[in-house]
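A quick write-up on the structure given underneath.
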Amino acid sequence: MTLILGIETSCDETAAAVVGDGFEIRSNQVASQVDLHARYGGIFPEIASRAHIEQIYPIIQGAMDEAGVGFSGLDAIAVTRGPGLAGSLLVGVNAAKGLALGTGLPLVGINHLEAHLYSVWLTPGEPIRFPVVALIVSGGHTELIVMTGHGAYRRLGGTMDDAAGEAFDKVGRLLGLPYPGGPAIQKAAEGGDPAAFDFPRSWLGEGYDFSFSGLKTAVLRVVRELQPSGETAPANLPVADLAASFQAAVADVLITKTLRAADALGATEVLIVGGVSANRALREGMAARAPCPVRVPPLALCTDNAAMIAAAGHVRFLAGHRDDLAMDVLPTWPLA
Ligand code: KG4
Ligand code: ZN
């Protein structure tokens, strides 16, 4: 069995995991910084990198202990190289380099978006047959990709402004909900009517690009109309209806464009990955409307984790990919 240590510090989770043969999770530890950033309503980069420095070695040690493996039992160290916050990425990359230097283990730099795709390989099930159309939706990214084989990607489109998760986070703040907005909006929407507000869908023609800023502005306009004083956390806002209607508008555009791409490209399956793939309206809506199977990661592997870094690392390691100690972070590294 090939055992890979994965390390992830691209954003606001410090994570380490040990994965066997690319799918068997031996350990998966995540230290979230959500509480540190909540009071700013978003990620504060300097605080993120400091917290990574405090957490990185205990998390790596914790993942090794939980897996019951020593460094001599590993085959490689995989670490997120980008995209992400430079100061955050540096902490994981430097920790991985130090370990590689000290142990002699091979070092494999991983693209965070590719790792999100490999989060669906971490569950047992029917083998995935290519081509697949994959929707990557997170706090930092909204990308529609066609994957024709391992490591073979073509970008179909992406967001022109806010990422889907960012839209959830910003609208969450408008509605006075806690950070991060995604899970909070999903919860608030449970008792709401998704047809209560007819929020705009930004289709941008027949292409595969997305835009969420107009939708965010539409929600802001309604909030201002109902709450002219502009106070946050207003008592008289129909938060459940607003949350449900916003969520429905985001899901509608994501689902429609993904399925249009899947049809045009003859995809055998649709994958949804990234933090927003935890969203029930998106998962259930996609499954209900898709003519082909829809694969999503288990909830715990939707948001940032290191098991997916190790899973992508396994594929890259077997393909002979190696990085040296001069490896630098790539904060804007595109997938394709
Ligand atoms: O993948 P992720 O952990 O980090 C990035 O790589 O960006 O994604 C975090 C994003 C946040 O914007 C959060 O609000 C969103 O995922 N999110 C959700 C849900 N859970 C997390 N959005 C909608 N519904 C959810 N249930
Ligand atoms: Zn992510």
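Going through the structure tokens in order, the chains are called A, B, and so on, while each chain numbers its residues from 1 and the ligands are numbered from 1 in the order shown.
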(Q) Residues contacting ligand 2 - anything with an atom at most 10 Å away, using only C-alpha atoms and all ligand atoms - can you give me those as a PyMOL selection string? (A) chain A and resi 8-13+83-84+112-116+136-141+273-276+301-305+308
Q: Write out as a list in words which residues come within 9 Å of Val270 of chain A when counting only C-alpha atoms, dropping same-chain ones fewer than 5 positions away.
A: Val132, Val133, Ala134, Leu135, Thr258, Leu259, Ala262, Met286, Ala290, Cys292, Pro293, Val294, Arg295 and Val296 of chain A
Only N, CA, C and O atoms, please: the residues just picked out, written as a PDB file, in the first residue's frame.
```pdb
ATOM      1  N   VAL A 132     -15.875  13.382 -17.250  1.00  0.00           N
ATOM      2  CA  VAL A 132     -16.842  13.895 -16.291  1.00  0.00           C
ATOM      3  C   VAL A 132     -16.827  15.422 -16.357  1.00  0.00           C
ATOM      4  O   VAL A 132     -15.798  16.016 -16.681  1.00  0.00           O
ATOM      5  N   VAL A 133     -17.975  16.010 -16.105  1.00  0.00           N
ATOM      6  CA  VAL A 133     -18.030  17.466 -15.944  1.00  0.00           C
ATOM      7  C   VAL A 133     -18.064  17.751 -14.453  1.00  0.00           C
ATOM      8  O   VAL A 133     -18.841  17.150 -13.716  1.00  0.00           O
ATOM      9  N   ALA A 134     -17.151  18.610 -14.007  1.00  0.00           N
ATOM     10  CA  ALA A 134     -17.015  18.883 -12.576  1.00  0.00           C
ATOM     11  C   ALA A 134     -17.268  20.352 -12.283  1.00  0.00           C
ATOM     12  O   ALA A 134     -16.720  21.234 -12.951  1.00  0.00           O
ATOM     13  N   LEU A 135     -18.097  20.589 -11.283  1.00  0.00           N
ATOM     14  CA  LEU A 135     -18.360  21.943 -10.795  1.00  0.00           C
ATOM     15  C   LEU A 135     -17.589  22.101  -9.476  1.00  0.00           C
ATOM     16  O   LEU A 135     -17.860  21.386  -8.517  1.00  0.00           O
ATOM     17  N   THR A 258     -24.138  23.553 -15.411  1.00  0.00           N
ATOM     18  CA  THR A 258     -23.385  22.297 -15.290  1.00  0.00           C
ATOM     19  C   THR A 258     -24.028  21.218 -16.164  1.00  0.00           C
ATOM     20  O   THR A 258     -23.332  20.489 -16.883  1.00  0.00           O
ATOM     21  N   LEU A 259     -25.345  21.139 -16.119  1.00  0.00           N
ATOM     22  CA  LEU A 259     -26.022  20.100 -16.897  1.00  0.00           C
ATOM     23  C   LEU A 259     -25.980  20.393 -18.399  1.00  0.00           C
ATOM     24  O   LEU A 259     -25.923  19.479 -19.212  1.00  0.00           O
ATOM     25  N   ALA A 262     -22.612  19.141 -19.307  1.00  0.00           N
ATOM     26  CA  ALA A 262     -22.575  17.671 -19.267  1.00  0.00           C
ATOM     27  C   ALA A 262     -23.219  17.112 -20.529  1.00  0.00           C
ATOM     28  O   ALA A 262     -22.706  16.167 -21.142  1.00  0.00           O
ATOM     29  N   MET A 286     -29.396  19.122  -8.265  1.00  0.00           N
ATOM     30  CA  MET A 286     -28.575  18.547  -9.344  1.00  0.00           C
ATOM     31  C   MET A 286     -28.983  17.096  -9.579  1.00  0.00           C
ATOM     32  O   MET A 286     -29.166  16.669 -10.730  1.00  0.00           O
ATOM     33  N   ALA A 290     -30.432  15.911 -13.178  1.00  0.00           N
ATOM     34  CA  ALA A 290     -29.390  15.328 -14.047  1.00  0.00           C
ATOM     35  C   ALA A 290     -29.856  14.024 -14.685  1.00  0.00           C
ATOM     36  O   ALA A 290     -30.446  13.182 -14.024  1.00  0.00           O
ATOM     37  N   CYS A 292     -27.693  11.916 -15.719  1.00  0.00           N
ATOM     38  CA  CYS A 292     -26.580  11.001 -15.467  1.00  0.00           C
ATOM     39  C   CYS A 292     -26.300  10.988 -13.963  1.00  0.00           C
ATOM     40  O   CYS A 292     -26.828  11.817 -13.232  1.00  0.00           O
ATOM     41  N   PRO A 293     -25.469  10.050 -13.476  1.00  0.00           N
ATOM     42  CA  PRO A 293     -25.161  10.046 -12.041  1.00  0.00           C
ATOM     43  C   PRO A 293     -24.456  11.341 -11.599  1.00  0.00           C
ATOM     44  O   PRO A 293     -23.713  11.933 -12.374  1.00  0.00           O
ATOM     45  N   VAL A 294     -24.751  11.751 -10.365  1.00  0.00           N
ATOM     46  CA  VAL A 294     -24.111  12.930  -9.771  1.00  0.00           C
ATOM     47  C   VAL A 294     -23.323  12.459  -8.559  1.00  0.00           C
ATOM     48  O   VAL A 294     -23.871  11.766  -7.701  1.00  0.00           O
ATOM     49  N   ARG A 295     -22.037  12.799  -8.527  1.00  0.00           N
ATOM     50  CA  ARG A 295     -21.213  12.356  -7.399  1.00  0.00           C
ATOM     51  C   ARG A 295     -20.784  13.570  -6.590  1.00  0.00           C
ATOM     52  O   ARG A 295     -20.351  14.568  -7.149  1.00  0.00           O
ATOM     53  N   VAL A 296     -20.926  13.477  -5.283  1.00  0.00           N
ATOM     54  CA  VAL A 296     -20.507  14.553  -4.371  1.00  0.00           C
ATOM     55  C   VAL A 296     -19.673  13.921  -3.270  1.00  0.00           C
ATOM     56  O   VAL A 296     -19.837  12.742  -2.972  1.00  0.00           O
TER      57      VAL A 296
END
```
Q. Contacts of Leu282 of chain A at 9 Å or less, counting only C-alpha atoms, minus same-chain residues fewer than 2 places along, as a count of residues only?
A. 17
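You can rank A:Val30, A:Ala78, A:Leu271, A:Leu330 by their closest distance to Arg129 of chain A using only C-alpha atoms, and at the top of that list sits A:Leu271.
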(Q) Neighbouring residues of Val239 of chain A were defined as those with any atom within 8 Å, considering only C-alpha atoms; residues of the same chain fewer than 5 positions away were excluded. Please report them as number ranges by chain. (A) A: 175, 188-189, 192
How would the residues just picked look written out with all heavy atoms as a short mmCIF file (atom, residue, chain, number, x, y, z; two decimals), in the first residue's frame?
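After the write, part-v8.cif holds the following:
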```
data_model
loop_
_atom_site.label_atom_id
_atom_site.label_comp_id
_atom_site.auth_asym_id
_atom_site.auth_seq_id
_atom_site.Cartn_x
_atom_site.Cartn_y
_atom_site.Cartn_z
N LEU A 175 -27.86 39.42 5.74
CA LEU A 175 -29.05 38.93 6.46
C LEU A 175 -28.79 38.83 7.97
O LEU A 175 -29.65 38.35 8.71
CB LEU A 175 -29.47 37.57 5.90
CG LEU A 175 -29.84 37.53 4.41
CD1 LEU A 175 -30.30 36.13 4.00
CD2 LEU A 175 -30.93 38.54 4.09
N ALA A 188 -31.03 28.68 7.69
CA ALA A 188 -32.10 29.68 7.73
C ALA A 188 -33.15 29.40 6.66
O ALA A 188 -34.34 29.67 6.86
CB ALA A 188 -31.50 31.08 7.53
N ALA A 189 -32.71 28.84 5.52
CA ALA A 189 -33.62 28.62 4.39
C ALA A 189 -34.59 27.47 4.64
O ALA A 189 -35.59 27.34 3.93
CB ALA A 189 -32.81 28.35 3.12
N GLY A 192 -38.03 28.50 4.88
CA GLY A 192 -38.40 29.57 3.96
C GLY A 192 -38.99 29.08 2.65
O GLY A 192 -38.90 27.90 2.32
#
```
**Q.** Ala86 of chain A surroundings by only C-alpha atoms, 6 Å radius, close-in-sequence under 2 positions cut, as a list in words
**A.** Ser88, Leu89 and Pro331 of chain A
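The shortest atom-to-atom distance to ligand 1, with only C-alpha atoms and all ligand atoms taken into account, belongs to A:Gly165 out of A:Gly165, A:Gly207, A:Pro228, A:Gly266.
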